[in-house]
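Okay, start-v4.cif is below, mmCIF, C-alpha atoms and all ligand atoms:
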```
data_coords
loop_
_atom_site.label_atom_id
_atom_site.label_comp_id
_atom_site.auth_asym_id
_atom_site.auth_seq_id
_atom_site.Cartn_x
_atom_site.Cartn_y
_atom_site.Cartn_z
CA MET A 1 8.77 78.42 -65.11
CA ALA A 2 7.84 76.34 -68.24
CA TRP A 3 9.48 72.89 -68.45
CA THR A 4 11.16 73.22 -71.89
CA ASP A 5 13.98 70.99 -73.13
CA SER A 6 16.53 73.66 -72.20
CA THR A 7 15.09 73.89 -68.65
CA ARG A 8 15.17 70.10 -68.43
CA SER A 9 18.77 69.80 -69.60
CA ALA A 10 19.75 72.80 -67.39
CA TRP A 11 18.08 71.20 -64.34
CA PHE A 12 19.35 67.68 -64.94
CA GLY A 13 22.64 68.46 -66.82
CA ILE A 14 21.81 65.74 -69.35
CA ALA A 15 23.69 65.14 -72.59
CA ALA A 16 21.17 63.74 -75.12
CA ALA A 17 21.40 60.00 -76.01
CA ALA A 18 24.84 59.20 -74.48
CA ILE A 19 25.09 55.47 -73.67
CA ILE A 20 27.68 53.96 -71.27
CA THR A 21 27.98 50.18 -70.84
CA THR A 22 30.22 48.77 -68.14
CA GLY A 23 30.65 45.04 -67.58
CA PHE A 24 29.88 43.54 -64.11
CA ALA A 25 29.64 39.93 -62.95
CA GLY A 26 26.08 38.69 -61.96
CA PRO A 27 24.71 39.15 -58.41
CA ALA A 28 24.44 36.55 -55.58
CA VAL A 29 21.09 34.85 -54.93
CA SER A 30 18.14 37.27 -55.26
CA ALA A 31 14.38 36.76 -55.22
CA SER A 32 12.10 36.98 -58.22
CA LEU A 33 8.59 38.47 -58.04
CA GLU A 34 7.15 34.96 -57.76
CA GLU A 35 9.42 34.20 -54.80
CA LEU A 36 8.54 37.51 -53.12
CA LYS A 37 4.84 36.79 -53.54
CA GLU A 38 5.48 33.34 -52.09
CA GLN A 39 7.28 34.73 -49.02
CA GLY A 40 4.69 37.48 -48.64
CA PHE A 41 7.19 40.33 -48.14
CA ALA A 42 10.10 42.13 -49.75
CA ARG A 43 13.21 42.99 -47.73
CA ILE A 44 14.19 46.62 -48.36
CA ALA A 45 17.16 48.71 -47.26
CA ILE A 46 16.45 52.20 -45.89
CA ALA A 47 18.57 54.94 -44.34
CA ASN A 48 16.29 56.57 -41.72
CA GLU A 49 16.64 60.05 -43.29
CA PRO A 50 13.20 61.74 -43.19
CA PRO A 51 11.31 62.57 -45.35
CA TRP A 52 12.90 59.97 -47.70
CA THR A 53 12.82 57.15 -45.16
CA GLU A 54 11.81 57.02 -41.52
CA VAL A 55 11.30 54.48 -38.74
CA LYS A 56 8.70 55.81 -36.34
CA ALA A 57 8.96 55.29 -32.56
CA ASP A 58 6.43 52.45 -32.87
CA GLY A 59 8.69 50.78 -35.45
CA LYS A 60 6.48 51.69 -38.41
CA VAL A 61 8.53 52.09 -41.58
CA THR A 62 7.52 55.17 -43.54
CA GLY A 63 8.99 58.04 -45.57
CA ALA A 64 8.24 58.72 -49.24
CA ALA A 65 10.48 55.98 -50.69
CA PRO A 66 9.18 53.00 -48.64
CA GLU A 67 5.58 54.23 -49.06
CA VAL A 68 5.96 54.21 -52.85
CA ALA A 69 7.64 50.78 -52.74
CA ARG A 70 4.95 49.40 -50.42
CA ALA A 71 2.14 50.63 -52.73
CA VAL A 72 3.79 49.23 -55.86
CA MET A 73 4.63 45.87 -54.28
CA GLN A 74 1.10 45.48 -52.93
CA LYS A 75 -0.25 46.04 -56.45
CA LEU A 76 2.16 43.31 -57.57
CA GLY A 77 0.77 40.94 -54.93
CA VAL A 78 3.52 41.27 -52.30
CA GLU A 79 1.73 42.26 -49.12
CA GLU A 80 4.53 43.51 -46.88
CA ILE A 81 7.87 45.28 -46.93
CA VAL A 82 10.38 44.52 -44.20
CA ALA A 83 13.02 47.21 -43.78
CA SER A 84 16.53 47.25 -42.41
CA ILE A 85 18.53 50.41 -41.83
CA SER A 86 21.78 50.64 -43.74
CA GLU A 87 24.43 53.25 -44.51
CA TYR A 88 24.23 54.41 -48.14
CA GLY A 89 27.68 52.96 -48.80
CA ALA A 90 26.50 49.50 -47.67
CA MET A 91 23.25 49.38 -49.65
CA ILE A 92 24.61 48.19 -53.01
CA PRO A 93 26.97 45.57 -51.51
CA GLY A 94 24.01 44.37 -49.39
CA LEU A 95 21.83 44.06 -52.49
CA GLN A 96 24.53 42.19 -54.40
CA ALA A 97 25.06 39.85 -51.45
CA GLY A 98 21.34 39.06 -51.25
CA ARG A 99 20.83 40.74 -47.86
CA PHE A 100 18.06 42.87 -49.34
CA ASP A 101 15.64 42.29 -52.22
CA MET A 102 15.41 46.02 -52.99
CA VAL A 103 16.78 49.38 -51.87
CA SER A 104 13.98 51.92 -51.38
CA ALA A 105 15.89 54.64 -49.57
CA GLY A 106 16.16 57.62 -51.90
CA LEU A 107 19.30 56.11 -53.43
CA PHE A 108 20.29 58.53 -56.18
CA ILE A 109 20.51 57.08 -59.70
CA LYS A 110 24.10 57.73 -60.80
CA PRO A 111 26.33 56.16 -63.48
CA GLU A 112 28.68 54.43 -61.03
CA ARG A 113 25.70 52.87 -59.23
CA CYS A 114 24.01 51.88 -62.51
CA ALA A 115 27.14 49.84 -63.26
CA ALA A 116 26.52 47.72 -60.15
CA VAL A 117 22.71 47.39 -59.81
CA ILE A 118 19.53 48.13 -61.79
CA PHE A 119 17.07 50.92 -60.92
CA SER A 120 13.37 51.52 -61.36
CA GLU A 121 12.34 54.69 -63.13
CA PRO A 122 12.84 57.81 -60.92
CA ASP A 123 10.56 58.46 -57.96
CA LEU A 124 12.03 61.20 -55.73
CA CYS A 125 14.10 64.23 -56.79
CA ASP A 126 15.73 67.03 -54.80
CA PHE A 127 18.57 69.55 -54.92
CA GLU A 128 21.68 69.58 -52.76
CA ALA A 129 22.02 71.96 -49.80
CA PHE A 130 24.27 72.88 -46.90
CA ALA A 131 23.27 73.51 -43.29
CA VAL A 132 25.49 76.14 -41.67
CA GLN A 133 25.61 78.27 -38.56
CA LYS A 134 23.18 81.21 -38.68
CA GLY A 135 24.59 83.99 -40.87
CA ASN A 136 26.82 81.47 -42.69
CA PRO A 137 30.07 82.64 -41.01
CA THR A 138 32.30 80.69 -43.43
CA GLY A 139 30.42 82.09 -46.46
CA VAL A 140 30.41 78.71 -48.25
CA ALA A 141 28.15 78.22 -51.25
CA THR A 142 29.85 75.44 -53.21
CA TYR A 143 31.88 72.26 -52.73
CA ALA A 144 34.80 74.16 -54.27
CA ASP A 145 34.52 76.64 -51.37
CA LEU A 146 34.86 73.72 -48.93
CA ALA A 147 38.00 72.53 -50.75
CA ALA A 148 39.48 76.03 -50.93
CA SER A 149 39.31 76.39 -47.14
CA ASP A 150 42.05 75.01 -44.85
CA THR A 151 39.75 74.51 -41.92
CA ILE A 152 36.13 73.82 -42.83
CA ARG A 153 34.89 70.39 -41.68
CA VAL A 154 31.93 69.06 -43.67
CA GLY A 155 29.58 66.40 -42.34
CA ALA A 156 27.95 63.90 -44.75
CA PRO A 157 26.38 60.40 -44.75
CA GLY A 158 28.82 57.49 -45.23
CA GLY A 159 28.96 56.30 -48.84
CA GLY A 160 26.49 58.98 -49.87
CA THR A 161 26.58 61.50 -52.70
CA GLU A 162 27.65 64.47 -50.54
CA GLU A 163 30.70 62.63 -49.18
CA ARG A 164 31.70 61.80 -52.75
CA LEU A 165 31.10 65.39 -53.95
CA ALA A 166 33.30 66.74 -51.13
CA LEU A 167 36.14 64.28 -51.80
CA GLU A 168 35.91 64.81 -55.57
CA ALA A 169 36.07 68.60 -55.00
CA GLY A 170 39.35 68.08 -53.16
CA VAL A 171 38.30 68.32 -49.52
CA PRO A 172 40.87 66.20 -47.63
CA ARG A 173 39.53 62.98 -46.07
CA ASP A 174 40.17 64.16 -42.52
CA ARG A 175 37.83 67.15 -43.02
CA VAL A 176 34.97 65.03 -44.43
CA ILE A 177 33.19 63.74 -41.34
CA VAL A 178 30.82 60.77 -41.66
CA VAL A 179 27.52 61.55 -39.89
CA PRO A 180 25.35 58.54 -38.85
CA ASP A 181 21.95 60.23 -39.03
CA THR A 182 20.31 63.63 -39.42
CA GLN A 183 19.71 64.21 -35.71
CA SER A 184 23.41 63.69 -34.98
CA GLY A 185 24.34 65.89 -37.92
CA VAL A 186 22.33 68.88 -36.73
CA LYS A 187 23.68 68.38 -33.19
CA MET A 188 27.30 68.19 -34.43
CA LEU A 189 26.74 71.44 -36.36
CA ALA A 190 25.16 73.18 -33.34
CA ASP A 191 28.08 71.99 -31.13
CA GLY A 192 30.64 73.24 -33.67
CA ARG A 193 32.05 69.75 -34.32
CA ILE A 194 31.36 70.31 -38.02
CA ASP A 195 31.08 73.63 -39.85
CA VAL A 196 28.81 72.50 -42.69
CA TYR A 197 26.32 69.63 -42.93
CA ALA A 198 25.70 68.50 -46.51
CA LEU A 199 22.49 66.70 -47.51
CA PRO A 200 19.56 67.02 -49.92
CA TYR A 201 17.42 70.09 -49.12
CA LEU A 202 14.34 68.22 -47.83
CA SER A 203 16.44 66.18 -45.38
CA LEU A 204 17.99 69.33 -43.87
CA ALA A 205 14.65 71.17 -43.77
CA ASP A 206 13.10 68.21 -41.90
CA ALA A 207 16.00 67.81 -39.43
CA ILE A 208 16.33 71.53 -38.69
CA GLY A 209 12.54 71.89 -38.51
CA LYS A 210 12.58 69.27 -35.72
CA ALA A 211 15.79 70.32 -33.90
CA GLY A 212 15.62 74.09 -34.32
CA GLY A 213 18.78 75.92 -33.20
CA ASP A 214 20.92 78.73 -34.68
CA VAL A 215 21.47 77.09 -38.03
CA GLU A 216 20.26 77.88 -41.57
CA ILE A 217 20.19 76.26 -45.00
CA VAL A 218 22.19 77.36 -48.06
CA GLY A 219 20.96 75.93 -51.34
CA PRO A 220 20.72 74.83 -54.09
CA VAL A 221 24.46 74.21 -53.92
CA GLU A 222 25.86 75.80 -57.08
CA GLY A 223 27.52 73.40 -59.47
CA THR A 224 25.46 70.40 -58.36
CA PRO A 225 22.55 68.96 -60.37
CA ILE A 226 19.08 67.90 -59.27
CA PHE A 227 19.45 64.30 -58.13
CA CYS A 228 16.71 61.75 -58.62
CA ALA A 229 16.40 58.44 -56.80
CA GLY A 230 14.73 55.17 -57.69
CA THR A 231 14.27 51.74 -56.18
CA ALA A 232 17.33 49.55 -56.79
CA PHE A 233 17.30 45.84 -57.57
CA PRO A 234 20.11 43.30 -58.00
CA LYS A 235 21.29 42.67 -61.56
CA GLY A 236 19.48 39.58 -62.85
CA GLN A 237 16.13 40.80 -61.52
CA GLU A 238 15.23 42.80 -64.63
CA ALA A 239 11.82 41.05 -64.83
CA LEU A 240 10.94 42.18 -61.28
CA ARG A 241 12.18 45.71 -62.02
CA ASP A 242 10.13 45.85 -65.23
CA GLU A 243 6.96 44.78 -63.41
CA TYR A 244 7.72 47.40 -60.78
CA ASN A 245 8.12 50.06 -63.48
CA LYS A 246 4.80 49.18 -65.10
CA VAL A 247 2.94 49.77 -61.85
CA LEU A 248 4.95 52.92 -61.04
CA ALA A 249 4.13 54.34 -64.49
CA SER A 250 0.40 53.70 -63.99
CA MET A 251 0.57 55.36 -60.54
CA LYS A 252 2.32 58.39 -62.07
CA GLU A 253 -0.47 58.44 -64.66
CA ASP A 254 -3.44 58.17 -62.28
CA GLY A 255 -2.07 60.62 -59.68
CA SER A 256 -1.68 58.08 -56.86
CA PHE A 257 2.12 58.45 -57.01
CA ALA A 258 1.87 62.23 -56.43
CA ALA A 259 -0.69 61.63 -53.65
CA ILE A 260 1.85 59.46 -51.81
CA ILE A 261 4.97 61.63 -52.13
CA GLU A 262 3.61 65.20 -51.98
CA PRO A 263 2.61 65.02 -48.29
CA PHE A 264 6.31 64.32 -47.58
CA GLY A 265 7.25 67.57 -49.38
CA PHE A 266 8.32 66.08 -52.74
CA ASN A 267 7.23 67.45 -56.11
CA ALA A 268 6.13 64.61 -58.41
CA LYS A 269 6.92 66.48 -61.65
CA PRO A 270 10.72 66.19 -61.85
CA ALA A 271 10.48 62.39 -61.48
CA MET A 272 8.24 62.34 -64.55
CA LEU A 273 10.56 64.46 -66.67
CA VAL A 274 13.70 62.35 -66.61
CA THR A 275 14.40 58.68 -67.24
CA THR A 276 16.69 56.26 -65.46
CA GLU A 277 18.61 55.70 -68.68
CA GLU A 278 19.33 59.44 -68.92
CA LEU A 279 20.44 59.57 -65.27
CA CYS A 280 22.63 56.47 -65.69
CA ASN A 281 24.36 58.26 -68.60
CA ARG A 282 24.61 61.67 -67.04
CA LYS A 283 28.02 63.36 -67.32
CA ALA A 284 29.56 64.76 -64.12
CA GLU A 285 28.98 68.57 -63.87
O1 LIG B 301 21.70 58.49 -52.60
C1 LIG B 301 22.44 59.28 -52.03
O2 LIG B 301 23.69 59.25 -52.21
C2 LIG B 301 21.84 60.38 -51.17
N1 LIG B 301 20.43 60.19 -51.03
C3 LIG B 301 19.78 60.73 -50.03
C4 LIG B 301 18.28 60.61 -49.97
N2 LIG B 301 20.37 61.33 -49.01
C5 LIG B 301 21.79 61.47 -48.94
C6 LIG B 301 22.51 60.45 -49.81
O3 LIG B 301 23.82 60.85 -49.93
#
```

What is this structure when it is put down as structure tokens?
Amino acid sequence: MAWTDSTRSAWFGIAAAAIITTGFAGPAVSASLEELKEQGFARIAIANEPPWTEVKADGKVTGAAPEVARAVMQKLGVEEIVASISEYGAMIPGLQAGRFDMVSAGLFIKPERCAAVIFSEPDLCDFEAFAVQKGNPTGVATYADLAASDTIRVGAPGGGTEERLALEAGVPRDRVIVVPDTQSGVKMLADGRIDVYALPYLSLADAIGKAGGDVEIVGPVEGTPIFCAGTAFPKGQEALRDEYNKVLASMKEDGSFAAIIEPFGFNAKPAMLVTTEELCNRKAE
């Protein structure tokens, strides 16, 4: 499939050249590149949702997002990244409060988030999916289907995009179940404690690949766009973000970016076809 403008706008649902500005007071204390070089590490927030982010049994922090951040920061002279696991809903408040220097967790670039923090250019993109019992007994294919049902319980990460999509579609709060991590989510689905588990496709494929069981994936979820993530920084750290972007752009150019993310199952192309400005101005589908 050729990547024409119409494909691009169909995939990303972008309206050309729409600009939104929203005022927001400055962040708490945050570290500049000089200060990060000085301290020798950057504190990043992650979510432990493979293949985006993962803490191995030996404590090693990996996953496509931290690996990209580690490579970029090392090129900027910051040797280490130190990660702490956070719920998606706590990542931006943590950044604003100075608990993290960056969020490298596959945090989707969305207008409401762009109003609170600043993002690098995109790095990881994926489509939305549902995990359901084998044979999809409830027949769901969209968030509207979830809302139209009186019984379906959907599991989603706290403060994440899927929780928001379910609530915005009209699924009542008591049928949107916050799931702490992918292992628990697949288990809750297998045990019948939730009927649908909503996450990006690659997260479900990884979790189900590891857990097995009588479940299957439905996706892309109709009516939802391709989401792209980037590394987030506190407002006020535009200089750090711009240095980060320069290195990321050169890595996209020389192929080292693709070499890092493709082994995790990500396609590098979509992240090179859309800009953060376009994603920050994207209209809801
Ligand atoms: O940024 C988000 O909202 C979503 N990102 C990922 C990688 N997983 C789920 C989460 O909801």

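You can rank A:Gly192, A:Gly219, A:Gly158, A:Pro111 by their closest distance to ligand LIG 301 (chain B) using only C-alpha atoms and all ligand atoms, and at the top of that list sits A:Gly158.
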
Next item on the list: To one decimal in Å, tell me the separation between atom CA of Gly77 of chain A and atom CA of Lys246 of chain A.
Entry: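 Computed distance, atom CA of Gly77 of chain A to atom CA of Lys246 of chain A, equals 13.7 Å.
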
Notebook entry, point to check: Restricting the calculation to only C-alpha atoms and all ligand atoms, which member of A:Arg282, A:Arg164, A:Lys75, A:Lys134 is positioned closest to ligand LIG 301 (chain B)?
Noted result: A:Arg164

Note to self: When you count all atoms listed in the file, which of these residues is closest to ligand LIG 301 (chain B): A:Ser256, A:Gln74, A:Thr182, A:Thr276?
What the structure shows: A:Thr182

Check: Hey, which residues come within 9 Å of ligand LIG 301 (chain B) if we count only C-alpha atoms and all ligand atoms? Could you give them as number ranges by chain?
Finding: A: 47, 49-53, 88-89, 105-110, 124-126, 128, 156-164, 198-200, 202-203, 227-229

Item checked: Long-range neighbours of Asn48 of chain A as a list in words, 8 Å cut-off, all atoms listed in the file, 5 positions minimum in chain -> Thr53, Glu54, Val55, Ile85 and Asp181 of chain A

Check: Of the candidates A:Val178, A:Ile217, A:Asp101, A:Gly223, which shows the shortest atom-to-atom distance to Gln237 of chain A, using only C-alpha atoms?
Finding: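 Closest candidate: A:Asp101.
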
Next item on the list: Rounded to one decimal place, report the atom CA of Glu262 of chain A-atom CA of Ala64 of chain A distance in Å.
Entry: 8.4 Å

Next item on the list: Grab the atom CA of Pro263 of chain A to atom CA of Ala190 of chain A distance for me, in Å with one decimal place.
Entry: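 Here the two named atoms are 28.3 Å from each other.
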